[in-house]
Amino acid sequence: MNNVTVLVVDDESRMRKLIKDFLVQKEFSVIEAEDGEKALEIFNEKQNEIGLILLDVMMPKLDGWSVLRQIRQTSKVPIIMLTARGEEQDELFGFELGVDEYISKPFSPKILVARVEAILNRVRGNQNKVDDYGGITIDSDGRTVKVDGKQIDMSLREYELLKYLVDNEGIALSRDKILNNVWNYDYYGDSRTIDSHIKKIRHKIGKKGKYIETMRGVGYKFEVKK
């Protein structure tokens with residue numbers, strides 16, 4: 001993970017130091033911001049350098065949700081939200097806004113670093129091909145999705161969920177299996193997180209949304225319908 005710069009945004013200096021120490025051990029470069037306004041200032045100046053953002057929710061001047069909204073207007077940079085809240089509704093809200101990962105405090109710094117590495121590995125990818133699924137084209141190298149030639153903006157999690165569905169075309173996938181393979185870690189929330197993502201994906205791909213079939217009592221299946 002050499003040369004990857006992580007922007008750590010948290011109003012608690014001890015938390016920033018803890019995260020920084022563990023990231024530096026893995027040879028990441030770290031930039032710190034103590035509030036939302038400073039985070040946006042740094043991001044606007046160094047957007048091309050920053051490979052991932054760790055963003056706290058509750059901060060002075062400008063909270064994490066506001067920072068997230070502004071960054072998502074111009075960038076798809078992976079964002080992991082850090083919060084002291086453990087409410088399911090907060091997690092769903094974050095995913096709706098384009099969060100790629102959501103970690104509640106307190107957390108294990110080692111697990112946090114592992115999630116950072118996993119997300120960056122998936123973003124980088126190791127394939128260089130474009131697949132077509134009934135008018136939905138997926139560029140695995142560029143992590144882009146097009147529908148009938150028009151590029152669709154998707155969060156990392158939405159992209160990974162769609163990719164997992166199409167990779168298993170014609171197979172009914174349970175919600176548990178989707179969580180295990182797309183979220184990659186034990187998830188203690190409600191399966192409605194998946195339903196929320198599916199709803200957004202269907203909306204974004206328009207008429208092609210019919211390819212994602214709800215399997216009652218099971219989960220979902222992707223199948224190109226003529």
# chains A, B, ... in the order shown; residues from 1 in each chain; ligands from 1

call {"tool": "residues_around", "arguments": {"residues": "region 165-169 of chain A", "least_positions_apart": "2", "cutoff": "6 Å", "atoms": "only C-alpha atoms", "output": "VMD selection string"}}
result
chain A and resid 162 to 163 171 222 to 223

call {"tool": "closest_residue", "arguments": {"among": "A:Ala118, A:Leu97, A:Ala39, A:Leu7", "to": "Arg72 (chain A)", "atoms": "only C-alpha atoms"}}
result
A:Leu97

call {"tool": "residues_around", "arguments": {"residues": "Asp63 (chain A)", "least_positions_apart": "4", "cutoff": "10 Å", "atoms": "only C-alpha atoms", "output": "ChimeraX atom specification"}}
result
/A:10,35-37,55-59,67-68

call {"tool": "select_by_dssp", "arguments": {"residues": "chain A", "states": "strand (DSSP E or B)", "output": "ChimeraX atom specification"}}
result
/A:5-9,29-33,50-56,79-83,101-104,130-133,136-139,144-147,150-152,173-174,212-215,219-222

call {"tool": "write_last_selection", "arguments": {"atoms": "C-alpha atoms", "output": "PDB file, in the first residue's frame"}}
result
ATOM      1  CA  THR A   5      -2.394   8.894   1.333  1.00  0.00           C
ATOM      2  CA  VAL A   6      -5.224   8.675   3.873  1.00  0.00           C
ATOM      3  CA  LEU A   7      -7.022  11.769   5.164  1.00  0.00           C
ATOM      4  CA  VAL A   8      -7.994  11.186   8.815  1.00  0.00           C
ATOM      5  CA  VAL A   9     -10.740  13.544   9.994  1.00  0.00           C
ATOM      6  CA  SER A  29       0.930   8.463   4.359  1.00  0.00           C
ATOM      7  CA  VAL A  30      -1.464  10.311   6.659  1.00  0.00           C
ATOM      8  CA  ILE A  31      -2.917  13.821   6.583  1.00  0.00           C
ATOM      9  CA  GLU A  32      -4.910  14.977   9.604  1.00  0.00           C
ATOM     10  CA  ALA A  33      -7.872  17.338   9.928  1.00  0.00           C
ATOM     11  CA  ILE A  50      -5.789  11.446  -1.307  1.00  0.00           C
ATOM     12  CA  GLY A  51      -6.633   7.780  -1.847  1.00  0.00           C
ATOM     13  CA  LEU A  52      -9.082   7.270   1.032  1.00  0.00           C
ATOM     14  CA  ILE A  53     -10.805   9.268   3.777  1.00  0.00           C
ATOM     15  CA  LEU A  54     -11.552   8.215   7.363  1.00  0.00           C
ATOM     16  CA  LEU A  55     -14.299  10.611   8.403  1.00  0.00           C
ATOM     17  CA  ASP A  56     -15.796  11.117  11.857  1.00  0.00           C
ATOM     18  CA  ILE A  79     -14.828   7.072   2.446  1.00  0.00           C
ATOM     19  CA  ILE A  80     -15.070   5.183   5.735  1.00  0.00           C
ATOM     20  CA  MET A  81     -17.312   6.867   8.305  1.00  0.00           C
ATOM     21  CA  LEU A  82     -16.349   6.697  11.982  1.00  0.00           C
ATOM     22  CA  THR A  83     -19.046   7.246  14.545  1.00  0.00           C
ATOM     23  CA  GLU A 101     -17.740   1.516   4.839  1.00  0.00           C
ATOM     24  CA  TYR A 102     -19.179   2.325   8.252  1.00  0.00           C
ATOM     25  CA  ILE A 103     -17.370   1.627  11.518  1.00  0.00           C
ATOM     26  CA  SER A 104     -18.760   2.329  14.985  1.00  0.00           C
ATOM     27  CA  VAL A 130     -15.098  -4.849 -19.801  1.00  0.00           C
ATOM     28  CA  ASP A 131     -18.087  -7.190 -19.523  1.00  0.00           C
ATOM     29  CA  ASP A 132     -21.532  -6.624 -20.993  1.00  0.00           C
ATOM     30  CA  TYR A 133     -24.698  -7.824 -19.291  1.00  0.00           C
ATOM     31  CA  ILE A 136     -24.953  -2.966 -18.587  1.00  0.00           C
ATOM     32  CA  THR A 137     -21.195  -2.757 -19.149  1.00  0.00           C
ATOM     33  CA  ILE A 138     -18.786  -3.083 -16.247  1.00  0.00           C
ATOM     34  CA  ASP A 139     -15.131  -2.037 -16.490  1.00  0.00           C
ATOM     35  CA  THR A 144     -17.086   2.008 -13.829  1.00  0.00           C
ATOM     36  CA  VAL A 145     -20.584   1.046 -14.883  1.00  0.00           C
ATOM     37  CA  LYS A 146     -22.363   2.138 -18.050  1.00  0.00           C
ATOM     38  CA  VAL A 147     -25.936   1.543 -19.129  1.00  0.00           C
ATOM     39  CA  LYS A 150     -24.014   6.194 -20.444  1.00  0.00           C
ATOM     40  CA  GLN A 151     -21.789   6.155 -17.363  1.00  0.00           C
ATOM     41  CA  ILE A 152     -23.592   5.670 -14.047  1.00  0.00           C
ATOM     42  CA  LEU A 173     -28.235 -15.315  -3.612  1.00  0.00           C
ATOM     43  CA  SER A 174     -29.337 -15.122   0.008  1.00  0.00           C
ATOM     44  CA  ILE A 212     -32.303  -7.713 -10.498  1.00  0.00           C
ATOM     45  CA  GLU A 213     -35.054 -10.019  -9.337  1.00  0.00           C
ATOM     46  CA  THR A 214     -36.261 -10.201  -5.739  1.00  0.00           C
ATOM     47  CA  MET A 215     -36.370 -13.822  -4.614  1.00  0.00           C
ATOM     48  CA  GLY A 219     -32.607 -12.636  -1.480  1.00  0.00           C
ATOM     49  CA  TYR A 220     -31.818 -11.510  -5.017  1.00  0.00           C
ATOM     50  CA  LYS A 221     -30.882 -12.863  -8.428  1.00  0.00           C
ATOM     51  CA  PHE A 222     -29.440 -11.100 -11.462  1.00  0.00           C
TER      52      PHE A 222
END

call {"tool": "atom_distance", "arguments": {"atom1": "CA of Glu160 (chain A)", "atom2": "CA of Ile42 (chain A)"}}
result
28.2 Å

call {"tool": "residues_around", "arguments": {"residues": "Arg175 (chain A)", "least_positions_apart": "5", "cutoff": "9 Å", "atoms": "only C-alpha atoms", "output": "PyMOL selection string"}}
result
chain A and resi 180+191+194-195+218-220

call {"tool": "write_last_selection", "arguments": {"atoms": "N, CA, C and O atoms", "output": "PDB file, in the first residue's frame"}}
result
ATOM      1  N   ASN A 180     -21.795 -11.535   3.375  1.00  0.00           N
ATOM      2  CA  ASN A 180     -20.487 -12.166   3.590  1.00  0.00           C
ATOM      3  C   ASN A 180     -19.519 -11.901   2.458  1.00  0.00           C
ATOM      4  O   ASN A 180     -18.313 -11.761   2.672  1.00  0.00           O
ATOM      5  N   SER A 191     -30.742  -6.726   7.403  1.00  0.00           N
ATOM      6  CA  SER A 191     -30.610  -7.013   5.973  1.00  0.00           C
ATOM      7  C   SER A 191     -31.205  -5.903   5.115  1.00  0.00           C
ATOM      8  O   SER A 191     -30.999  -5.874   3.900  1.00  0.00           O
ATOM      9  N   ILE A 194     -28.981  -4.170   2.583  1.00  0.00           N
ATOM     10  CA  ILE A 194     -28.896  -4.690   1.217  1.00  0.00           C
ATOM     11  C   ILE A 194     -30.066  -4.165   0.396  1.00  0.00           C
ATOM     12  O   ILE A 194     -29.892  -3.701  -0.737  1.00  0.00           O
ATOM     13  N   ASP A 195     -31.262  -4.235   0.959  1.00  0.00           N
ATOM     14  CA  ASP A 195     -32.452  -3.788   0.237  1.00  0.00           C
ATOM     15  C   ASP A 195     -32.314  -2.316  -0.171  1.00  0.00           C
ATOM     16  O   ASP A 195     -32.708  -1.928  -1.276  1.00  0.00           O
ATOM     17  N   VAL A 218     -35.663 -15.346   0.113  1.00  0.00           N
ATOM     18  CA  VAL A 218     -34.264 -15.735  -0.104  1.00  0.00           C
ATOM     19  C   VAL A 218     -33.365 -14.510  -0.179  1.00  0.00           C
ATOM     20  O   VAL A 218     -32.590 -14.226   0.716  1.00  0.00           O
ATOM     21  N   GLY A 219     -33.475 -13.782  -1.285  1.00  0.00           N
ATOM     22  CA  GLY A 219     -32.607 -12.636  -1.480  1.00  0.00           C
ATOM     23  C   GLY A 219     -32.806 -12.062  -2.873  1.00  0.00           C
ATOM     24  O   GLY A 219     -33.917 -11.649  -3.220  1.00  0.00           O
ATOM     25  N   TYR A 220     -31.739 -12.110  -3.694  1.00  0.00           N
ATOM     26  CA  TYR A 220     -31.818 -11.510  -5.017  1.00  0.00           C
ATOM     27  C   TYR A 220     -31.104 -12.372  -6.056  1.00  0.00           C
ATOM     28  O   TYR A 220     -30.218 -13.157  -5.742  1.00  0.00           O
TER      29      TYR A 220
END

call {"tool": "atom_distance", "arguments": {"atom1": "CA of Lys17 (chain A)", "atom2": "CA of Leu120 (chain A)"}}
result
21.3 Å

call {"tool": "residues_around", "arguments": {"residues": "Ile19 (chain A)", "least_positions_apart": "2", "cutoff": "9 Å", "atoms": "only C-alpha atoms", "output": "PyMOL selection string"}}
result
chain A and resi 8+14-17+21-24+109+112-113

call {"tool": "closest_residue", "arguments": {"among": "A:Tyr211, A:Tyr159, A:Trp183, A:Phe107", "to": "Leu18 (chain A)", "atoms": "only C-alpha atoms"}}
result
A:Phe107
